[in-house]
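Scroll down for the structure; my scribbles are underneath it.
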Amino acid sequence: MRIVDIRALEGPNIYSPKPVVRMLVDVGKWDDVSTKDLGGFKERLLEKLPGLALHHCCFDRPGGFLIRLEEGTYLPHVIEHVALELLNLLGQDVKFGRARWWEKTIYSVVFGYEGKYAALEAGKLAVRLVEDLICGKDVDLPGELSKIERYSAEMELGPSTSAIENEAKSRGIPVTRIGDGSLLILGYGAFQKRVEATLTNRTSSVAVDIACDKILTKKMLSLAGIPVPDGIPVYTEEEAVKAAEEIGYPVVVKPVDGNQGKGVSLNLKNEKEVREAFRIASGYSPKVLVENYIRGRHYRLLVVDGKFVCAAERIPAHVVGDGIHSIRELIEIVNSDPRRGEGHEKPLTKIKIDPVVLRVLSKHGYTLDSIPENGQVVFLRENCNLSTGGTARDVTDLVCPENKTLAERAAAMVGLDVAGIDVTTEDISVPIEKSGGAVIEVNAAPRIRMHLYPSEGESRPAAKAIVDMLFPGTPPKFPLVAVTGTNGKTTTVRMIAGILAHHGLKVGMTCTDGVYIGELCVKKGDCSGPESARMVLLDPSVEAAVLEIARGGLIRGGLSYDKADVGIITNITGDHLGQDGVHTLEDLIFVKSLVAEQVKPQGYAVLNADDIASVEVRKRLKGNVIFFSLEEDNLVLRKHLCEGGRGVYVKDGVIVLHSEKDFLPLMKVAEIPATLGGKAKHNAQNALAAVAAGWALDVPFETIKKALLAFKCDENNNPGRLNIIDGGRVRIILDYGHNPAALEAVIATAKAMNPARMIGVIASPGDRMDDAIVMLGQVAGRGFQRLVVKEDEDLRGRRPGEVASLLVRGALSAGLKKEQIDVILKESEAIAFALENAREGDLVVIFYEKYETAVKTIREALRSRMESPAVAGIV
């Protein structure tokens, strides 16, 4: 067995609205093998994973999967359940899975997840485990799971960042993680906010520099009259001892620019301790601070946006004796708590034995092998940071108003939007000016897990406060429109982008010829996949997004967003069948439906009432729908309007917007330049979809009208889509049509232009099935009087000439004669030939592969015709 492809689909996808892992697994020789034919496999599998016996599978009770194993099921189905059970063992509560045939001996195995990195590794392990168990090999499952657990802990977000992510998502604010670190982008486009841990895009770099310099911080706080301990910066041991004697014992020694309590030594009472503490601190920074030791408890006060939010008492790492175990063993017992992990991955951090721990134990007369009495508390550190194994107790309700104000003033003096104010005092309910306490530090990017997961007391809404600061009130509107379908997607996308641009918004757009930010094309090529969409959604200048969503991207990557304001399906015909596991029109409807399904509750799905397949999508939807139709009497539309729905249709040549409350004639179809005076029916349909989108987004009707009046099928507005080129004695249509429905639409428009003859320059993508290519040739054979057959430069696995011969076969079967067909495989040569041999009054319809190549060739051919004294015609 081998994994052909494995990926995490992090947004809504065709399998589930929630994230899934999709693996393509080639089972090879095990393709037709059932579990009932594998002697001992079921027993070995259940011995390793006894939890599989409780899986429901397709039955509505535990044990369903066991029944399937006994009756006989296929191995991709087993891999699915093994992956789910591995994730359950790793602490992820997931049940959704699916295994389906893809092609040949390859199967699609899909399963849900909570943590992406563990899920990807679990999928790989599931395939290895199943094959090894078939072959009777032993597998060190605990060891493998431990590896995954460690890797996942390194890669997943920590508690602080996860809390901010979850808080944002709970408000409908989309969250994008950038890379494998802690950088999150909350929201889209110009309205996005950025967070890394608890640093935000509002955090001043100057403020961070001040907070990281403990000496500078103390000076700033002193200027405000905030109590701070006396301190002296030093660079050598001798200077440290001298400073301690000058300040007076006990003292604190710490690195000037350290963090998380690293290198900090407290309550030092003599020269020996100071020297040892200096050596530890200087390992973190060449500049060390010797301070007066402030007696009392250690508190962290969180200030967000200038306001006190919550507070916790921080307790140094410690163990409690039981009279049996040594301190070393007690540390191991404490570290076995599932709430403890490495670094900041979990609510608490494991206690590490290092020189600081050894020094603190020695100071109190202990070693790691000492056995404390039952109930004896043994502190392992004097600093109380959670990152060094400390714990926290919520004291928010105990903080007096004066200390709250003091914390707010300290944050303001340093200039931080999110600040952790460390205070040492005997009693946080007493103003520190009276208790003899002091502000010890001001922390930029303070960890908030102590407030979210205190060991004692209630959790506090620290993440909520941060998100409230970034998004006060209702999150700003960011119009997001997604368009899918077989034909018309690009033109519809461009029309909608034009409407929103006329509405005064800077629009980001993706389509099959590039990514556009406003008027600027920032990337060329087919950009109708999820990565291109993210490029638009994360651009900080974009105020609205219009995204073309292609079939392939939907299958391989899912959606790059959670919910759209408008999801449009232009039409669905049998293109791309036989690819990516899509074998029937019903499969294609299922895939395309995702765009209409993933619409906000107050948003709209826009469907083509003239297209039977698009109408089928309606059955899958629960939300609002706008139907559009070229026919006033369309039965689907009429029924929808009678039920109180919205519709956009053509009545007596006029586009009408119709709902329970409105009946608005907008404009004549013939007025829209893209319809060529009403001749281009398919562009009239695209315009109806665009009008429906504008209506759904509450764009003023006059703005919609102005935008459509300005939209032309030319090089500037709609390059490569029904572009009409005046060649003097001949006319040219340049279009991207590459399936039968697209050709039929363009041919119908061309006939309405009343040419003397119609000459088609056609090709077909090589990845289509033979029958589909032949059908394309048949459509062309019925529609054109002459054909020039070419091939795409990208043959997509075909032999040279193979696609052309299929097209010719189709054209001949439609009644065209051999002498009416020329085969010229290279695109530029085929276009040049057709134009050189066209007669006066002819209309040459060119379906291109590469837009720039086609345009260049047309210009050169037309220039040559103008310079030629005579032009030969095709006879």
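Chain lettering (A, B, ...) mirrors the order of the structure tokens, residue numbering begins at 1 for each chain separately, and ligand numbering begins at 1 in order of display.
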Hey, what does DSSP flag as helix (DSSP H, G or I) within region 159-323 of chain A? Can you give it to me as a PDB file with C-alpha atoms, in the first residue's frame?
```pdb
ATOM      1  CA  PRO A 159      -3.304  27.675  24.988  1.00  0.00           C
ATOM      2  CA  SER A 160      -3.084  31.501  24.785  1.00  0.00           C
ATOM      3  CA  THR A 161      -3.191  31.677  20.989  1.00  0.00           C
ATOM      4  CA  SER A 162      -5.813  28.926  20.744  1.00  0.00           C
ATOM      5  CA  ALA A 163      -8.068  30.848  23.123  1.00  0.00           C
ATOM      6  CA  ILE A 164      -7.842  33.964  20.941  1.00  0.00           C
ATOM      7  CA  GLU A 165      -8.535  31.879  17.832  1.00  0.00           C
ATOM      8  CA  ASN A 166     -11.597  30.238  19.400  1.00  0.00           C
ATOM      9  CA  GLU A 167     -12.933  33.554  20.689  1.00  0.00           C
ATOM     10  CA  ALA A 168     -12.673  35.132  17.237  1.00  0.00           C
ATOM     11  CA  LYS A 169     -14.330  32.164  15.534  1.00  0.00           C
ATOM     12  CA  SER A 170     -17.182  32.208  18.043  1.00  0.00           C
ATOM     13  CA  GLY A 189      -8.690  42.288   3.749  1.00  0.00           C
ATOM     14  CA  ALA A 190      -8.585  45.852   4.985  1.00  0.00           C
ATOM     15  CA  PHE A 191     -10.456  44.868   8.153  1.00  0.00           C
ATOM     16  CA  SER A 205       7.567  48.174  18.879  1.00  0.00           C
ATOM     17  CA  VAL A 206       8.901  51.010  21.060  1.00  0.00           C
ATOM     18  CA  ALA A 207       6.724  49.787  23.924  1.00  0.00           C
ATOM     19  CA  VAL A 208       8.008  46.232  23.459  1.00  0.00           C
ATOM     20  CA  ASP A 209      11.601  47.494  23.514  1.00  0.00           C
ATOM     21  CA  ILE A 210      10.909  49.352  26.747  1.00  0.00           C
ATOM     22  CA  ALA A 211       9.261  46.325  28.354  1.00  0.00           C
ATOM     23  CA  CYS A 212      12.156  44.079  27.341  1.00  0.00           C
ATOM     24  CA  LYS A 214      14.002  46.047  32.739  1.00  0.00           C
ATOM     25  CA  ILE A 215      16.111  49.088  33.613  1.00  0.00           C
ATOM     26  CA  LEU A 216      14.297  51.325  31.148  1.00  0.00           C
ATOM     27  CA  THR A 217      10.939  49.998  32.357  1.00  0.00           C
ATOM     28  CA  LYS A 218      11.790  50.908  35.950  1.00  0.00           C
ATOM     29  CA  LYS A 219      12.772  54.414  34.894  1.00  0.00           C
ATOM     30  CA  MET A 220       9.465  54.879  33.054  1.00  0.00           C
ATOM     31  CA  LEU A 221       7.471  53.602  36.024  1.00  0.00           C
ATOM     32  CA  SER A 222       9.438  55.753  38.449  1.00  0.00           C
ATOM     33  CA  LEU A 223       8.585  58.824  36.372  1.00  0.00           C
ATOM     34  CA  GLU A 237      30.498  39.088  39.449  1.00  0.00           C
ATOM     35  CA  GLU A 238      32.440  41.664  41.403  1.00  0.00           C
ATOM     36  CA  GLU A 239      30.078  44.411  40.328  1.00  0.00           C
ATOM     37  CA  ALA A 240      27.128  42.203  41.290  1.00  0.00           C
ATOM     38  CA  VAL A 241      28.497  41.605  44.806  1.00  0.00           C
ATOM     39  CA  LYS A 242      29.267  45.305  45.242  1.00  0.00           C
ATOM     40  CA  ALA A 243      25.746  46.236  44.057  1.00  0.00           C
ATOM     41  CA  ALA A 244      24.148  43.748  46.457  1.00  0.00           C
ATOM     42  CA  GLU A 245      26.094  45.185  49.384  1.00  0.00           C
ATOM     43  CA  GLU A 246      25.137  48.690  48.351  1.00  0.00           C
ATOM     44  CA  ILE A 247      21.428  47.857  48.048  1.00  0.00           C
ATOM     45  CA  GLU A 271      27.951  36.924  48.487  1.00  0.00           C
ATOM     46  CA  LYS A 272      28.157  33.260  47.513  1.00  0.00           C
ATOM     47  CA  GLU A 273      24.532  33.171  46.386  1.00  0.00           C
ATOM     48  CA  VAL A 274      24.938  36.428  44.447  1.00  0.00           C
ATOM     49  CA  ARG A 275      27.995  35.129  42.588  1.00  0.00           C
ATOM     50  CA  GLU A 276      26.230  31.897  41.654  1.00  0.00           C
ATOM     51  CA  ALA A 277      23.088  33.803  40.606  1.00  0.00           C
ATOM     52  CA  PHE A 278      25.170  36.176  38.461  1.00  0.00           C
ATOM     53  CA  ARG A 279      26.685  33.246  36.568  1.00  0.00           C
ATOM     54  CA  ILE A 280      23.198  31.894  35.858  1.00  0.00           C
ATOM     55  CA  ALA A 281      21.794  35.288  34.779  1.00  0.00           C
ATOM     56  CA  SER A 282      24.790  36.136  32.583  1.00  0.00           C
TER      57      SER A 282
END
```
| All residues 9 Å or closer to region 443-459 of chain A, only C-alpha atoms, same chain fewer than 5 positions away omitted, as an NGL selection string | :A and (158-161 or 163 or 196-200 or 203 or 207-209 or 211-212 or 259 or 300 or 302 or 310-314 or 344 or 346-348 or 386 or 391-395 or 411 or 416-422)
| task | Identify which of the residues A:Pro719, A:Gly841, A:Gly581, A:Pro76 lies closest to Pro755 (chain A), counting only C-alpha atoms when measuring atom-to-atom distances. | result |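 Smallest separation from Pro755 (chain A) among the options: A:Gly841.
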| said: My list of candidates is A:Ser528, A:Arg551, A:Val109, A:Tyr299. Which is closest to Ser429 (chain A) when distances are computed with only C-alpha atoms? | reply: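 Selected residue with least distance to Ser429 (chain A): A:Tyr299.
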| task | Could you give me the residues within region 454-631 of chain A that DSSP places in strand (DSSP E or B), as number ranges by chain? | result | A: 456, 480-484, 507-511, 514-517, 520-524, 544-548, 564-569, 579, 582, 599-608, 624-629
Determine, counting only C-alpha atoms, which protein, DNA and RNA residues have an atom within 9 Å of an atom of region 672-688 of chain A; residues of the same chain fewer than 3 positions away are not included. Present the result as a short mmCIF file (atom, residue, chain, number, x, y, z; two decimals) with N, CA and C atoms, in the first residue's frame.
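Saved to selection.cif:
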```
data_model
loop_
_atom_site.label_atom_id
_atom_site.label_comp_id
_atom_site.auth_asym_id
_atom_site.auth_seq_id
_atom_site.Cartn_x
_atom_site.Cartn_y
_atom_site.Cartn_z
N ASN A 487 -19.78 26.95 -16.94
CA ASN A 487 -19.45 28.04 -17.86
C ASN A 487 -19.94 29.37 -17.29
N GLY A 488 -19.30 30.44 -17.73
CA GLY A 488 -19.73 31.79 -17.34
C GLY A 488 -19.15 32.31 -16.05
N LYS A 489 -18.31 31.50 -15.37
CA LYS A 489 -17.80 31.91 -14.06
C LYS A 489 -16.97 33.19 -14.17
N THR A 491 -16.71 35.60 -16.50
CA THR A 491 -17.44 36.81 -16.86
C THR A 491 -18.31 37.29 -15.71
N THR A 492 -18.97 36.35 -15.03
CA THR A 492 -19.82 36.72 -13.89
C THR A 492 -18.98 37.36 -12.77
N VAL A 493 -17.84 36.76 -12.49
CA VAL A 493 -16.94 37.30 -11.46
C VAL A 493 -16.53 38.73 -11.83
N MET A 495 -18.05 40.87 -13.80
CA MET A 495 -19.19 41.78 -13.70
C MET A 495 -19.45 42.19 -12.25
N ILE A 496 -19.41 41.21 -11.35
CA ILE A 496 -19.67 41.52 -9.93
C ILE A 496 -18.56 42.41 -9.37
N THR A 570 -23.51 29.22 -11.72
CA THR A 570 -23.97 29.72 -13.03
C THR A 570 -24.71 28.64 -13.80
N ASN A 608 -29.27 29.27 -11.11
CA ASN A 608 -29.79 29.42 -12.46
C ASN A 608 -31.05 28.56 -12.61
N PHE A 628 -32.37 33.09 -10.91
CA PHE A 628 -32.38 33.98 -12.08
C PHE A 628 -32.75 33.17 -13.32
N SER A 629 -33.39 33.86 -14.27
CA SER A 629 -33.87 33.17 -15.47
C SER A 629 -34.04 34.16 -16.61
N LEU A 630 -33.82 33.65 -17.82
CA LEU A 630 -34.09 34.46 -19.01
C LEU A 630 -35.56 34.47 -19.35
N VAL A 648 -34.60 37.21 -10.20
CA VAL A 648 -34.14 38.18 -11.21
C VAL A 648 -34.38 37.53 -12.56
N TYR A 649 -35.17 38.18 -13.41
CA TYR A 649 -35.51 37.56 -14.69
C TYR A 649 -35.75 38.63 -15.76
N VAL A 650 -35.98 38.15 -16.97
CA VAL A 650 -36.19 39.05 -18.10
C VAL A 650 -37.67 39.04 -18.49
N GLY A 653 -37.81 41.84 -22.49
CA GLY A 653 -36.49 42.38 -22.78
C GLY A 653 -35.88 43.21 -21.67
N ILE A 655 -34.63 43.51 -17.56
CA ILE A 655 -34.26 42.78 -16.34
C ILE A 655 -35.11 43.29 -15.19
N MET A 667 -33.20 47.47 -16.17
CA MET A 667 -32.64 47.96 -17.43
C MET A 667 -32.93 46.95 -18.52
N LYS A 668 -32.82 47.37 -19.76
CA LYS A 668 -33.00 46.46 -20.88
C LYS A 668 -31.76 45.60 -21.05
N VAL A 669 -31.98 44.33 -21.36
CA VAL A 669 -30.86 43.43 -21.60
C VAL A 669 -29.99 43.96 -22.73
N VAL A 691 -26.44 40.77 -11.25
CA VAL A 691 -27.47 41.65 -10.67
C VAL A 691 -27.98 41.05 -9.36
N ALA A 692 -28.21 39.74 -9.35
CA ALA A 692 -28.69 39.08 -8.13
C ALA A 692 -27.68 39.24 -7.00
N ALA A 693 -26.39 39.12 -7.32
CA ALA A 693 -25.35 39.29 -6.29
C ALA A 693 -25.35 40.71 -5.74
N LYS A 705 -26.73 49.17 -12.28
CA LYS A 705 -27.00 49.52 -13.67
C LYS A 705 -25.80 50.20 -14.32
N LEU A 708 -22.98 47.68 -15.12
CA LEU A 708 -23.22 46.82 -16.27
C LEU A 708 -23.15 47.60 -17.59
N LEU A 709 -23.58 48.86 -17.56
CA LEU A 709 -23.47 49.69 -18.76
C LEU A 709 -22.01 49.94 -19.14
N ALA A 710 -21.13 49.91 -18.14
CA ALA A 710 -19.71 50.16 -18.39
C ALA A 710 -18.93 48.90 -18.72
N PHE A 711 -19.57 47.74 -18.57
CA PHE A 711 -18.86 46.47 -18.74
C PHE A 711 -18.96 46.01 -20.19
N LYS A 712 -17.84 45.91 -20.85
CA LYS A 712 -17.79 45.49 -22.26
C LYS A 712 -16.98 44.21 -22.39
N CYS A 713 -17.28 43.45 -23.43
CA CYS A 713 -16.51 42.25 -23.71
C CYS A 713 -15.28 42.64 -24.54
N ASP A 714 -14.35 43.27 -23.89
CA ASP A 714 -13.14 43.70 -24.60
C ASP A 714 -11.92 43.35 -23.78
N ASN A 718 -13.13 42.32 -20.05
CA ASN A 718 -13.38 40.88 -20.02
C ASN A 718 -12.47 40.15 -21.02
N LEU A 722 -15.64 36.20 -25.21
CA LEU A 722 -16.49 36.78 -26.25
C LEU A 722 -15.96 38.14 -26.72
N ALA A 742 -20.23 25.41 -23.70
CA ALA A 742 -19.61 26.71 -23.99
C ALA A 742 -19.59 26.97 -25.49
N ALA A 745 -23.03 27.97 -26.77
CA ALA A 745 -23.41 29.33 -26.43
C ALA A 745 -22.74 30.34 -27.36
N VAL A 746 -21.46 30.15 -27.63
CA VAL A 746 -20.74 31.09 -28.49
C VAL A 746 -21.21 30.95 -29.93
N ALA A 748 -24.19 30.10 -30.93
CA ALA A 748 -25.50 30.75 -31.01
C ALA A 748 -25.35 32.26 -31.14
N THR A 749 -24.42 32.82 -30.38
CA THR A 749 -24.17 34.26 -30.46
C THR A 749 -23.62 34.62 -31.83
N ALA A 750 -22.68 33.81 -32.32
CA ALA A 750 -22.06 34.08 -33.63
C ALA A 750 -23.10 34.05 -34.75
N ALA A 752 -26.20 34.76 -34.52
CA ALA A 752 -27.04 35.96 -34.42
C ALA A 752 -26.39 37.18 -35.04
N MET A 753 -25.08 37.11 -35.32
CA MET A 753 -24.36 38.22 -35.93
C MET A 753 -24.43 38.17 -37.46
#
```
